[in-house]
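Undergrad: This is coords.cif (mmCIF, C-alpha atoms and all ligand atoms).
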data_structure
loop_
_atom_site.label_atom_id
_atom_site.label_comp_id
_atom_site.auth_asym_id
_atom_site.auth_seq_id
_atom_site.Cartn_x
_atom_site.Cartn_y
_atom_site.Cartn_z
CA MET L 1 -2.59 -2.91 -21.43
CA ASN L 2 0.61 -4.77 -20.66
CA VAL L 3 1.51 -3.74 -17.11
CA LEU L 4 4.57 -4.62 -15.06
CA LEU L 5 4.08 -4.61 -11.29
CA THR L 6 7.28 -4.18 -9.29
CA GLY L 7 6.63 -5.63 -5.83
CA GLY L 8 3.62 -7.34 -7.39
CA MET L 9 3.87 -10.33 -5.05
CA GLY L 10 3.37 -8.16 -1.95
CA TYR L 11 0.22 -7.23 -0.06
CA ILE L 12 -1.09 -4.34 -2.17
CA GLY L 13 0.53 -5.54 -5.41
CA SER L 14 -1.15 -8.98 -5.28
CA HIS L 15 -4.62 -7.50 -4.68
CA THR L 16 -4.06 -5.00 -7.49
CA ALA L 17 -2.99 -7.89 -9.71
CA VAL L 18 -6.36 -9.59 -9.14
CA VAL L 19 -8.28 -6.46 -10.13
CA LEU L 20 -6.12 -5.74 -13.20
CA LEU L 21 -6.23 -9.35 -14.42
CA GLN L 22 -10.00 -9.40 -14.02
CA SER L 23 -10.20 -6.14 -15.99
CA GLY L 24 -8.42 -7.73 -18.94
CA HIS L 25 -4.88 -6.34 -18.49
CA ARG L 26 -1.89 -8.60 -19.11
CA LEU L 27 0.57 -8.50 -16.23
CA VAL L 28 4.16 -9.29 -15.36
CA LEU L 29 5.02 -9.53 -11.66
CA TYR L 30 8.58 -8.46 -10.85
CA ASP L 31 9.66 -9.03 -7.24
CA ASN L 32 12.74 -10.11 -5.29
CA LEU L 33 10.55 -11.96 -2.73
CA SER L 34 12.22 -10.13 0.16
CA ASN L 35 8.78 -9.74 1.78
CA SER L 36 6.62 -12.22 -0.11
CA THR L 37 6.62 -15.80 -1.36
CA TYR L 38 6.33 -17.58 -4.67
CA LYS L 39 3.00 -19.07 -3.55
CA VAL L 40 1.28 -15.76 -4.37
CA VAL L 41 1.45 -16.67 -8.07
CA GLU L 42 -0.46 -19.89 -7.40
CA LYS L 43 -3.05 -18.02 -5.33
CA LEU L 44 -3.54 -15.50 -8.12
CA THR L 45 -4.13 -18.33 -10.58
CA GLN L 46 -6.57 -19.93 -8.14
CA ILE L 47 -8.52 -16.65 -7.80
CA THR L 48 -8.51 -15.50 -11.41
CA GLY L 49 -8.03 -18.69 -13.42
CA LEU L 50 -5.23 -16.90 -15.27
CA HIS L 51 -1.52 -17.56 -15.30
CA THR L 52 0.70 -14.53 -14.67
CA PRO L 53 4.41 -14.44 -15.53
CA PHE L 54 6.64 -13.82 -12.53
CA ILE L 55 10.25 -12.61 -12.65
CA ASN L 56 12.36 -13.07 -9.53
CA GLY L 57 14.45 -9.92 -9.67
CA ASP L 58 15.52 -6.84 -7.79
CA VAL L 59 14.42 -3.44 -9.08
CA ARG L 60 18.00 -2.29 -8.70
CA ASN L 61 19.00 -4.78 -11.39
CA THR L 62 18.45 -2.27 -14.20
CA GLN L 63 19.47 -4.68 -16.94
CA LEU L 64 17.07 -7.44 -15.91
CA LEU L 65 14.30 -4.91 -15.48
CA THR L 66 14.97 -3.38 -18.90
CA GLU L 67 14.86 -6.84 -20.49
CA ALA L 68 11.57 -7.59 -18.73
CA LEU L 69 10.04 -4.32 -19.95
CA ALA L 70 11.17 -4.92 -23.52
CA THR L 71 10.42 -8.65 -23.77
CA HIS L 72 6.87 -8.29 -22.47
CA HIS L 73 6.09 -5.13 -24.50
CA ILE L 74 5.13 -3.28 -21.35
CA ASP L 75 2.96 -0.14 -21.67
CA ALA L 76 2.88 0.95 -18.03
CA VAL L 77 4.55 0.20 -14.71
CA ILE L 78 3.09 0.22 -11.21
CA HIS L 79 5.91 0.57 -8.71
CA PHE L 80 5.02 -1.09 -5.40
CA ALA L 81 8.46 -2.53 -4.59
CA GLY L 82 10.09 -1.13 -1.49
CA LEU L 83 10.75 -1.56 2.19
CA LYS L 84 7.92 -0.16 4.29
CA ALA L 85 8.53 -0.40 8.06
CA VAL L 86 8.86 3.06 9.59
CA GLY L 87 10.69 1.86 12.74
CA GLU L 88 13.16 -0.22 10.72
CA SER L 89 13.83 2.79 8.47
CA VAL L 90 15.00 4.76 11.52
CA GLU L 91 17.40 1.93 12.47
CA LYS L 92 18.60 1.18 8.93
CA PRO L 93 18.27 4.39 6.90
CA VAL L 94 20.93 3.38 4.37
CA ASP L 95 19.03 0.18 3.52
CA TYR L 96 15.92 2.24 2.96
CA TYR L 97 17.57 4.83 0.71
CA ALA L 98 19.42 2.09 -1.17
CA ASN L 99 16.36 -0.07 -1.73
CA ASN L 100 13.67 2.55 -2.18
CA VAL L 101 15.36 5.59 -3.74
CA GLN L 102 17.99 3.67 -5.71
CA GLY L 103 15.28 1.22 -6.77
CA ALA L 104 13.18 4.07 -8.16
CA ILE L 105 16.17 5.51 -10.04
CA SER L 106 16.95 2.12 -11.53
CA LEU L 107 13.32 1.72 -12.63
CA LEU L 108 13.31 5.17 -14.26
CA GLU L 109 16.55 4.36 -16.10
CA ALA L 110 15.08 1.10 -17.36
CA MET L 111 11.80 2.74 -18.42
CA GLN L 112 13.64 5.58 -20.15
CA SER L 113 15.89 3.21 -22.07
CA VAL L 114 12.91 1.43 -23.64
CA ASP L 115 10.75 4.55 -23.90
CA ILE L 116 7.98 3.59 -21.46
CA LYS L 117 6.54 6.72 -19.91
CA THR L 118 3.50 5.68 -17.88
CA LEU L 119 4.15 5.09 -14.19
CA VAL L 120 2.02 4.70 -11.06
CA PHE L 121 3.99 5.09 -7.84
CA SER L 122 2.96 3.79 -4.39
CA SER L 123 3.35 6.84 -2.22
CA SER L 124 1.89 7.36 1.22
CA ALA L 125 -0.05 9.80 3.38
CA THR L 126 3.09 9.87 5.49
CA VAL L 127 4.42 12.56 3.09
CA TYR L 128 2.10 15.07 4.79
CA GLY L 129 3.87 14.70 8.16
CA GLU L 130 1.96 16.14 11.12
CA PRO L 131 -1.40 17.43 9.76
CA GLN L 132 -1.81 21.20 9.84
CA TYR L 133 -5.49 20.75 9.01
CA LEU L 134 -7.93 17.92 8.33
CA PRO L 135 -9.02 16.31 6.12
CA LEU L 136 -5.73 16.19 4.24
CA ASP L 137 -5.97 17.32 0.64
CA GLU L 138 -3.16 17.07 -1.91
CA ASN L 139 -2.23 20.74 -1.44
CA HIS L 140 -1.36 20.19 2.22
CA PRO L 141 2.36 20.95 2.68
CA THR L 142 4.59 17.88 2.60
CA ARG L 143 7.11 17.12 5.29
CA ALA L 144 8.45 13.70 6.13
CA ILE L 145 9.39 12.85 9.70
CA ASN L 146 11.32 9.60 9.25
CA PRO L 147 13.60 7.97 6.64
CA TYR L 148 10.76 5.89 5.16
CA GLY L 149 8.72 9.04 4.56
CA ARG L 150 11.74 10.94 3.25
CA CYS L 151 12.32 8.18 0.67
CA LYS L 152 8.72 8.63 -0.52
CA LEU L 153 9.17 12.40 -0.72
CA HIS L 154 12.52 12.17 -2.52
CA ILE L 155 10.94 9.84 -5.07
CA GLU L 156 7.91 12.10 -5.53
CA GLU L 157 10.25 15.07 -6.11
CA MET L 158 12.34 13.08 -8.55
CA LEU L 159 9.18 12.09 -10.43
CA GLY L 160 8.22 15.76 -10.59
CA ASP L 161 11.52 16.53 -12.33
CA VAL L 162 11.07 13.60 -14.68
CA ALA L 163 7.54 14.70 -15.63
CA GLU L 164 8.90 18.22 -16.32
CA SER L 165 11.63 16.85 -18.57
CA ALA L 166 9.31 15.68 -21.39
CA PRO L 167 5.61 16.31 -22.02
CA ASP L 168 4.73 12.69 -22.71
CA TRP L 169 5.41 11.33 -19.22
CA ARG L 170 2.26 10.20 -17.40
CA ILE L 171 2.95 9.73 -13.71
CA ALA L 172 0.64 9.28 -10.71
CA CYS L 173 1.85 9.37 -7.11
CA LEU L 174 -0.89 7.61 -5.19
CA ARG L 175 -0.82 8.63 -1.54
CA TYR L 176 -2.32 5.66 0.29
CA PHE L 177 -3.88 6.11 3.70
CA ASN L 178 -4.14 2.92 5.84
CA PRO L 179 -4.70 -0.19 3.66
CA VAL L 180 -6.32 -3.09 5.52
CA GLY L 181 -8.43 -6.15 4.72
CA ALA L 182 -7.97 -8.95 2.23
CA HIS L 183 -9.43 -10.48 -0.91
CA GLU L 184 -12.82 -12.07 -0.22
CA SER L 185 -11.46 -15.55 -1.01
CA GLY L 186 -9.22 -15.39 2.07
CA LEU L 187 -6.39 -16.69 -0.14
CA ILE L 188 -4.25 -13.54 -0.18
CA GLY L 189 -3.85 -10.89 2.48
CA GLU L 190 -1.32 -9.18 4.70
CA ASN L 191 0.93 -11.68 6.38
CA PRO L 192 3.61 -9.83 8.36
CA ASP L 193 6.69 -11.66 9.55
CA GLY L 194 7.11 -11.58 13.34
CA VAL L 195 5.33 -9.01 15.51
CA PRO L 196 3.02 -6.86 13.36
CA ASN L 197 3.77 -3.12 13.37
CA ASN L 198 0.31 -2.16 12.17
CA LEU L 199 -2.93 -2.14 14.08
CA MET L 200 -5.17 -4.39 11.98
CA PRO L 201 -2.88 -7.43 11.67
CA TYR L 202 -2.11 -7.10 15.38
CA ILE L 203 -5.80 -7.11 16.32
CA ALA L 204 -6.36 -10.11 14.04
CA GLN L 205 -3.61 -12.06 15.75
CA VAL L 206 -5.01 -11.24 19.21
CA ALA L 207 -8.50 -12.34 18.10
CA ALA L 208 -7.00 -15.59 16.81
CA GLY L 209 -5.29 -16.22 20.16
CA LYS L 210 -1.81 -15.87 18.66
CA ARG L 211 -1.06 -12.87 20.90
CA ALA L 212 -2.37 -12.20 24.40
CA GLU L 213 -3.53 -8.60 24.10
CA LEU L 214 -3.34 -5.45 22.03
CA SER L 215 -1.32 -2.50 23.34
CA VAL L 216 -3.29 0.64 22.57
CA PHE L 217 -0.71 3.37 22.05
CA GLY L 218 -2.17 6.29 23.97
CA ALA L 219 -5.71 7.20 25.09
CA ASP L 220 -4.98 10.87 25.76
CA TYR L 221 -5.17 12.22 22.20
CA PRO L 222 -7.62 15.03 21.43
CA THR L 223 -10.03 12.59 19.70
CA ALA L 224 -13.53 11.44 20.72
CA ASP L 225 -12.32 8.47 22.80
CA GLY L 226 -8.69 9.59 23.25
CA THR L 227 -7.18 6.97 20.90
CA GLY L 228 -5.53 7.63 17.53
CA VAL L 229 -7.72 8.08 14.45
CA ARG L 230 -6.78 6.83 10.96
CA ASP L 231 -8.38 6.50 7.54
CA TYR L 232 -8.52 2.72 6.98
CA ILE L 233 -9.16 1.73 3.37
CA HIS L 234 -10.04 -1.75 2.11
CA VAL L 235 -7.16 -3.10 0.02
CA MET L 236 -9.60 -4.13 -2.74
CA ASP L 237 -10.86 -0.54 -2.98
CA LEU L 238 -7.23 0.56 -3.13
CA ALA L 239 -6.58 -2.03 -5.85
CA GLU L 240 -9.51 -0.70 -7.89
CA GLY L 241 -8.02 2.78 -7.47
CA HIS L 242 -4.98 1.58 -9.44
CA ALA L 243 -7.11 0.33 -12.33
CA ALA L 244 -8.89 3.70 -12.35
CA THR L 245 -5.52 5.49 -12.31
CA LEU L 246 -4.31 3.61 -15.41
CA ARG L 247 -7.50 4.69 -17.22
CA PHE L 248 -7.00 8.29 -16.05
CA LEU L 249 -3.33 8.43 -17.11
CA SER L 250 -4.21 7.27 -20.62
CA GLN L 251 -6.06 10.61 -20.99
CA SER L 252 -3.85 12.76 -18.74
CA PRO L 253 -0.14 13.41 -19.29
CA GLY L 254 1.94 15.06 -16.57
CA LEU L 255 2.40 14.40 -12.85
CA HIS L 256 -0.56 13.84 -10.54
CA ALA L 257 -0.49 13.37 -6.76
CA ILE L 258 -3.72 11.75 -5.61
CA ASN L 259 -4.95 10.62 -2.19
CA LEU L 260 -6.44 7.14 -1.94
CA GLY L 261 -8.46 7.12 1.26
CA THR L 262 -12.09 6.97 2.34
CA GLY L 263 -12.35 10.37 4.03
CA GLN L 264 -13.59 8.66 7.20
CA GLY L 265 -11.46 8.26 10.33
CA TYR L 266 -11.84 5.50 12.94
CA SER L 267 -10.22 5.35 16.36
CA VAL L 268 -8.22 2.40 17.68
CA LEU L 269 -11.06 1.44 20.03
CA GLU L 270 -13.61 1.65 17.22
CA MET L 271 -11.40 -0.73 15.24
CA VAL L 272 -11.23 -3.14 18.19
CA ARG L 273 -15.03 -3.13 18.56
CA ALA L 274 -15.60 -3.58 14.82
CA PHE L 275 -13.20 -6.51 14.73
CA GLU L 276 -14.86 -8.16 17.73
CA LYS L 277 -18.21 -7.87 15.96
CA ALA L 278 -16.90 -9.30 12.68
CA SER L 279 -14.97 -12.17 14.26
CA GLY L 280 -17.15 -12.98 17.25
CA CYS L 281 -13.92 -13.07 19.27
CA HIS L 282 -12.90 -10.99 22.27
CA VAL L 283 -9.90 -8.69 21.69
CA PRO L 284 -8.33 -7.89 25.07
CA TYR L 285 -6.37 -4.66 25.16
CA ARG L 286 -4.34 -2.50 27.50
CA ILE L 287 -3.79 1.24 27.23
CA VAL L 288 -0.06 2.01 27.17
CA ALA L 289 2.05 5.09 26.43
CA ARG L 290 1.87 6.84 23.07
CA ARG L 291 4.13 5.46 20.33
CA ALA L 292 6.92 7.87 19.41
CA GLY L 293 6.21 9.76 16.19
CA ASP L 294 2.45 9.03 16.16
CA VAL L 295 -0.03 11.83 15.46
CA SER L 296 -3.55 12.01 16.85
CA ALA L 297 -5.65 11.94 13.68
CA VAL L 298 -5.04 11.46 9.96
CA TYR L 299 -7.71 11.18 7.28
CA ALA L 300 -8.02 12.03 3.63
CA ASN L 301 -9.96 14.45 1.58
CA PRO L 302 -10.77 11.99 -1.24
CA HIS L 303 -12.31 14.63 -3.52
CA LYS L 304 -9.50 14.71 -6.12
CA ALA L 305 -9.61 10.93 -6.58
CA SER L 306 -13.32 11.08 -7.13
CA GLU L 307 -12.96 13.97 -9.65
CA CYS L 308 -9.99 12.63 -11.60
CA LEU L 309 -10.40 8.87 -11.33
CA SER L 310 -14.19 8.58 -10.97
CA TRP L 311 -13.31 6.28 -8.11
CA ARG L 312 -14.21 6.14 -4.47
CA ALA L 313 -13.84 3.58 -1.71
CA LEU L 314 -17.01 1.50 -1.46
CA ARG L 315 -16.32 -1.16 1.15
CA SER L 316 -17.31 -0.74 4.80
CA LEU L 317 -15.38 -1.16 8.02
CA ASP L 318 -17.27 -4.44 8.51
CA ASP L 319 -15.96 -5.66 5.12
CA MET L 320 -12.41 -4.70 6.15
CA CYS L 321 -12.64 -6.63 9.43
CA ALA L 322 -14.52 -9.65 8.05
CA SER L 323 -12.05 -10.15 5.18
CA THR L 324 -9.05 -9.74 7.49
CA TRP L 325 -10.56 -12.37 9.78
CA ARG L 326 -11.26 -14.76 6.89
CA PHE L 327 -7.64 -14.46 5.78
CA GLN L 328 -6.34 -14.85 9.33
CA ARG L 329 -8.35 -18.06 9.79
CA SER L 330 -7.36 -19.57 6.45
CA GLU L 331 -3.76 -18.59 7.10
CA ARG L 332 -3.85 -20.48 10.40
CA SER L 333 -5.35 -23.52 8.73
CA GLY L 334 -2.46 -23.48 6.26
CA MET L 335 -4.53 -22.67 3.17
CA THR L 336 -2.62 -19.54 2.26
CA LEU L 337 0.89 -18.18 1.75
P1 LIG B 1 4.84 -5.47 0.79
O1 LIG B 1 6.10 -5.55 1.55
O2 LIG B 1 3.77 -6.47 1.07
O3 LIG B 1 5.13 -5.50 -0.79
C1 LIG B 1 6.31 -4.96 -1.34
C2 LIG B 1 6.90 -6.00 -2.28
O4 LIG B 1 8.09 -5.45 -2.85
C3 LIG B 1 7.30 -7.31 -1.58
O5 LIG B 1 6.74 -8.40 -2.27
C4 LIG B 1 8.84 -7.31 -1.65
O6 LIG B 1 9.34 -8.62 -1.76
C5 LIG B 1 9.09 -6.46 -2.87
N1 LIG B 1 10.38 -5.75 -2.88
C6 LIG B 1 10.95 -5.00 -1.91
N2 LIG B 1 12.13 -4.50 -2.33
C7 LIG B 1 12.31 -4.93 -3.61
C8 LIG B 1 13.33 -4.75 -4.56
N3 LIG B 1 14.42 -4.02 -4.29
N4 LIG B 1 13.20 -5.34 -5.76
C9 LIG B 1 12.10 -6.10 -6.06
N5 LIG B 1 11.11 -6.30 -5.18
C10 LIG B 1 11.20 -5.72 -3.97
O7 LIG B 1 4.26 -3.98 0.98
P2 LIG B 1 2.85 -3.39 0.60
O8 LIG B 1 2.10 -3.13 1.85
O9 LIG B 1 2.23 -4.19 -0.47
O10 LIG B 1 3.31 -1.98 0.04
C11 LIG B 1 3.51 -1.72 -1.35
C12 LIG B 1 3.95 -0.29 -1.53
O11 LIG B 1 2.95 0.57 -0.97
C13 LIG B 1 5.26 0.05 -0.82
O12 LIG B 1 6.00 0.92 -1.66
C14 LIG B 1 4.81 0.77 0.42
O13 LIG B 1 5.77 1.70 0.88
C15 LIG B 1 3.56 1.49 -0.07
N6 LIG B 1 2.61 1.79 1.01
C16 LIG B 1 2.15 0.79 1.82
C17 LIG B 1 1.29 1.10 2.88
C18 LIG B 1 0.79 0.02 3.79
O14 LIG B 1 0.30 0.34 4.89
N7 LIG B 1 0.85 -1.26 3.44
C19 LIG B 1 0.88 2.43 3.09
C20 LIG B 1 1.35 3.42 2.23
C21 LIG B 1 2.22 3.10 1.19
N1 LIG B 2 -1.75 1.25 17.16
C1 LIG B 2 -1.95 0.75 18.43
N2 LIG B 2 -1.39 -0.46 18.73
C2 LIG B 2 -0.67 -1.19 17.84
C3 LIG B 2 -0.47 -0.66 16.53
C4 LIG B 2 -1.02 0.57 16.24
O1 LIG B 2 -2.61 1.36 19.27
O2 LIG B 2 -0.17 -2.29 18.18
C5 LIG B 2 -2.37 2.55 16.79
C6 LIG B 2 -1.40 3.62 16.36
O3 LIG B 2 -0.95 4.36 17.48
C7 LIG B 2 -2.27 4.47 15.40
C8 LIG B 2 -3.20 3.42 14.76
O4 LIG B 2 -3.21 2.31 15.67
O5 LIG B 2 -3.06 5.38 16.13
C9 LIG B 2 -2.74 2.95 13.40
O6 LIG B 2 -1.39 2.52 13.47
P1 LIG B 2 -0.66 1.79 12.25
O7 LIG B 2 0.74 1.50 12.69
O8 LIG B 2 -1.51 0.66 11.78
O9 LIG B 2 -0.70 2.90 11.09
P2 LIG B 2 0.02 4.33 11.02
O10 LIG B 2 0.41 4.77 12.38
O11 LIG B 2 1.17 4.13 10.12
O12 LIG B 2 -1.02 5.25 10.44
#
Could you rewrite the structure in this file as structure tokens?
Ligand code: NAD
Ligand code: UDP
TA:
Amino acid sequence: MNVLLTGGMGYIGSHTAVVLLQSGHRLVLYDNLSNSTYKVVEKLTQITGLHTPFINGDVRNTQLLTEALATHHIDAVIHFAGLKAVGESVEKPVDYYANNVQGAISLLEAMQSVDIKTLVFSSSATVYGEPQYLPLDENHPTRAINPYGRCKLHIEEMLGDVAESAPDWRIACLRYFNPVGAHESGLIGENPDGVPNNLMPYIAQVAAGKRAELSVFGADYPTADGTGVRDYIHVMDLAEGHAATLRFLSQSPGLHAINLGTGQGYSVLEMVRAFEKASGCHVPYRIVARRAGDVSAVYANPHKASECLSWRALRSLDDMCASTWRFQRSERSGMTL
């Protein structure tokens, strides 16, 4: 298939690009580089031996996007592009609605104008809000608790209306749990600017000596060791989930919301111990107050993904930590982006 990846230069997009290229798809990466660099294209070539066209553009530029879809005879779009920091979304809600919701509208306009009706959207487990029960299945009520999550929900609702409007739309909203890890080459990975918001990149930077210690946000949750529990999923498993989704959509019109998680939760302290084992480095930490807006435990029921996509996450926590560490080390030695 010819597939256009909006936000294809980012963390999840670049790993998905590797999997899709290696499965024989032809790709176009469309990204405004607001949270990525041009070097990703070179890394993709290094990993796959294939050259991938890249268009430096904003998804809100409907005309440029339409031209890209038409010129490259695109069959399907995977929409990764968006801003993703929850805290920043609270401070700058207008930026988030403008970039994420307006971006999705622009993409739909472009797709509609050239009659492309297959779309995979990067949604998030954040659309479930505070869990009413665990594990979270796709029928769990949705309720966003911050502007980032509300953007995801608005877009999912919009996609529901679009899918209702004509029977030949094929749309998947993939609700990611906590993507971590990196490609085994250590050439691409998650490389946050400034202080990482997320646990795994923070732990990696502490292990590498870049930061003094990890702040563990709360040890008084009703979990086995008192720290927060999440469903961490290897980014390469997640990437393979996208390839499986494209296969599924080719047989399945309509709108589908599907969890991409492992079904297994790990606590913050379990993550620290696993990372110490994989890296051989000590990760000092201090227990501090809970982070506002955090919930105690979140993990997926991955049953629907396994039924519909014939896909499940295969990589272990050790793989997640070891690949993160490989990327962290190569990043420090200047090999990567
Ligand atoms: P990322 O920031 O690494 O990648 C997003 C890419 O989109 C970047 O390369 C950025 O430059 C680009 N981009 C942003 N706005 C754009 C615009 N207006 N036009 C063109 N390009 C634009 O993020 P990621 O972790 O790869 O996340 C990809 C998607 O998955 C996002 O939609 C995110 O909300 C969603 N998601 C991520 C996580 C996670 O923990 N990483 C969890 C759930 C959902
Ligand atoms: N966390 C932490 N210290 C950090 C970052 C995160 O203790 O510096 C905890 C956080 O409270 C949560 C888990 O690690 O329990 C995962 O947090 P992350 O921000 O990575 O993902 P999310 O909260 O979005 O699921």
Undergrad: For the interface of chain L with ligand LIG 1 (chain B) (cut-off 9 Å, counting all atoms listed in the file), please tabulate each contacting residue of chain L alongside its nearest pair of atoms and their separation in Å to one decimal, rows sorted by chain and increasing number, as JSON lines.
TA:
{"residue": "L:Thr6", "atom": "CA", "partner": "B:LIG1", "partner_atom": "N5", "distance": 6.0}
{"residue": "L:Gly7", "atom": "CA", "partner": "B:LIG1", "partner_atom": "O4", "distance": 3.3}
{"residue": "L:Gly8", "atom": "CA", "partner": "B:LIG1", "partner_atom": "O5", "distance": 6.1}
{"residue": "L:Met9", "atom": "CA", "partner": "B:LIG1", "partner_atom": "O5", "distance": 4.4}
{"residue": "L:Gly10", "atom": "CA", "partner": "B:LIG1", "partner_atom": "O5", "distance": 3.4}
{"residue": "L:Tyr11", "atom": "CA", "partner": "B:LIG1", "partner_atom": "O9", "distance": 3.7}
{"residue": "L:Ile12", "atom": "CA", "partner": "B:LIG1", "partner_atom": "O9", "distance": 3.7}
{"residue": "L:Gly13", "atom": "CA", "partner": "B:LIG1", "partner_atom": "O9", "distance": 5.4}
{"residue": "L:Ser14", "atom": "CA", "partner": "B:LIG1", "partner_atom": "O9", "distance": 7.6}
{"residue": "L:His15", "atom": "CA", "partner": "B:LIG1", "partner_atom": "O9", "distance": 8.7}
{"residue": "L:Tyr30", "atom": "CA", "partner": "B:LIG1", "partner_atom": "C9", "distance": 6.4}
{"residue": "L:Asp31", "atom": "CA", "partner": "B:LIG1", "partner_atom": "N5", "distance": 3.7}
{"residue": "L:Asn32", "atom": "CA", "partner": "B:LIG1", "partner_atom": "C9", "distance": 4.1}
{"residue": "L:Leu33", "atom": "CA", "partner": "B:LIG1", "partner_atom": "O6", "distance": 3.7}
{"residue": "L:Ser34", "atom": "CA", "partner": "B:LIG1", "partner_atom": "O6", "distance": 3.8}
{"residue": "L:Asn35", "atom": "CA", "partner": "B:LIG1", "partner_atom": "O6", "distance": 3.8}
{"residue": "L:Ser36", "atom": "CA", "partner": "B:LIG1", "partner_atom": "O5", "distance": 4.4}
{"residue": "L:Thr37", "atom": "CA", "partner": "B:LIG1", "partner_atom": "O5", "distance": 7.5}
{"residue": "L:Asn56", "atom": "CA", "partner": "B:LIG1", "partner_atom": "C9", "distance": 7.8}
{"residue": "L:Gly57", "atom": "CA", "partner": "B:LIG1", "partner_atom": "C9", "distance": 5.8}
{"residue": "L:Asp58", "atom": "CA", "partner": "B:LIG1", "partner_atom": "N4", "distance": 3.4}
{"residue": "L:Val59", "atom": "CA", "partner": "B:LIG1", "partner_atom": "N4", "distance": 4.0}
{"residue": "L:Arg60", "atom": "CA", "partner": "B:LIG1", "partner_atom": "N3", "distance": 5.9}
{"residue": "L:Asn61", "atom": "CA", "partner": "B:LIG1", "partner_atom": "N4", "distance": 8.1}
{"residue": "L:His79", "atom": "CA", "partner": "B:LIG1", "partner_atom": "O12", "distance": 7.1}
{"residue": "L:Phe80", "atom": "CA", "partner": "B:LIG1", "partner_atom": "C12", "distance": 4.1}
{"residue": "L:Ala81", "atom": "CA", "partner": "B:LIG1", "partner_atom": "O4", "distance": 3.4}
{"residue": "L:Gly82", "atom": "CA", "partner": "B:LIG1", "partner_atom": "C6", "distance": 4.0}
{"residue": "L:Leu83", "atom": "CA", "partner": "B:LIG1", "partner_atom": "C6", "distance": 5.4}
{"residue": "L:Lys84", "atom": "CA", "partner": "B:LIG1", "partner_atom": "O13", "distance": 4.4}
{"residue": "L:Ala85", "atom": "CA", "partner": "B:LIG1", "partner_atom": "O13", "distance": 8.0}
{"residue": "L:Ala98", "atom": "CA", "partner": "B:LIG1", "partner_atom": "N3", "distance": 8.5}
{"residue": "L:Asn99", "atom": "CA", "partner": "B:LIG1", "partner_atom": "N3", "distance": 5.1}
{"residue": "L:Asn100", "atom": "CA", "partner": "B:LIG1", "partner_atom": "N3", "distance": 6.9}
{"residue": "L:Gln102", "atom": "CA", "partner": "B:LIG1", "partner_atom": "N3", "distance": 8.6}
{"residue": "L:Gly103", "atom": "CA", "partner": "B:LIG1", "partner_atom": "N3", "distance": 5.9}
{"residue": "L:Phe121", "atom": "CA", "partner": "B:LIG1", "partner_atom": "O12", "distance": 7.7}
{"residue": "L:Ser122", "atom": "CA", "partner": "B:LIG1", "partner_atom": "O11", "distance": 4.7}
{"residue": "L:Ser123", "atom": "CA", "partner": "B:LIG1", "partner_atom": "C21", "distance": 5.2}
{"residue": "L:Ser124", "atom": "CA", "partner": "B:LIG1", "partner_atom": "C20", "distance": 4.1}
{"residue": "L:Ala125", "atom": "CA", "partner": "B:LIG1", "partner_atom": "C20", "distance": 6.6}
{"residue": "L:Thr126", "atom": "CA", "partner": "B:LIG1", "partner_atom": "C20", "distance": 7.4}
{"residue": "L:Tyr148", "atom": "CA", "partner": "B:LIG1", "partner_atom": "O13", "distance": 7.8}
{"residue": "L:Gly149", "atom": "CA", "partner": "B:LIG1", "partner_atom": "O13", "distance": 8.7}
{"residue": "L:Lys152", "atom": "CA", "partner": "B:LIG1", "partner_atom": "O13", "distance": 7.7}
{"residue": "L:Leu174", "atom": "CA", "partner": "B:LIG1", "partner_atom": "C21", "distance": 8.4}
{"residue": "L:Arg175", "atom": "CA", "partner": "B:LIG1", "partner_atom": "C20", "distance": 6.8}
{"residue": "L:Tyr176", "atom": "CA", "partner": "B:LIG1", "partner_atom": "C20", "distance": 4.7}
{"residue": "L:Phe177", "atom": "CA", "partner": "B:LIG1", "partner_atom": "C19", "distance": 6.0}
{"residue": "L:Asn178", "atom": "CA", "partner": "B:LIG1", "partner_atom": "O14", "distance": 5.2}
{"residue": "L:Pro179", "atom": "CA", "partner": "B:LIG1", "partner_atom": "O14", "distance": 5.2}
{"residue": "L:Val180", "atom": "CA", "partner": "B:LIG1", "partner_atom": "O14", "distance": 7.5}
{"residue": "L:Gly189", "atom": "CA", "partner": "B:LIG1", "partner_atom": "O2", "distance": 8.9}
{"residue": "L:Glu190", "atom": "CA", "partner": "B:LIG1", "partner_atom": "O2", "distance": 6.8}
{"residue": "L:Asn191", "atom": "CA", "partner": "B:LIG1", "partner_atom": "O2", "distance": 8.0}
{"residue": "L:Pro192", "atom": "CA", "partner": "B:LIG1", "partner_atom": "O2", "distance": 8.0}
{"residue": "L:Asn198", "atom": "CA", "partner": "B:LIG1", "partner_atom": "O14", "distance": 7.7}
{"residue": "L:Val235", "atom": "CA", "partner": "B:LIG1", "partner_atom": "N7", "distance": 8.9}
Undergrad: What's around Pro284 (chain L) at 8 Å? Count all atoms listed in the file, leave out sequence neighbours fewer than 5 positions away in its own chain, and write the answer as a list in words.
TA: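 Residues meeting the cut-off are Val206, Ala212, Glu213 and Leu214 of chain L.
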Undergrad: If we count all atoms listed in the file and set the cut-off at 6 Å, which residues sit around region 161-167 of chain L, ignoring sequence neighbours fewer than 2 positions away in its own chain? Please answer as a list in words.
TA: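 Surrounding residues, per the criterion: Met158, Leu159, Trp169, Gly254 and Leu255 of chain L.
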Undergrad: Using only C-alpha atoms and all ligand atoms, find each protein or nucleic acid residue lying at most 7 Å from ligand LIG 2 (chain B); present the set as a ChimeraX atom specification.
TA: /L:178,197-200,202,214-218,227-230,268,290-291,294,296
Undergrad: Suppose you want the space between CA of Thr262 (chain L) and CA of Leu4 (chain L); what is it in Å?
TA: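 That distance, rounded to one decimal, is 26.7 Å.
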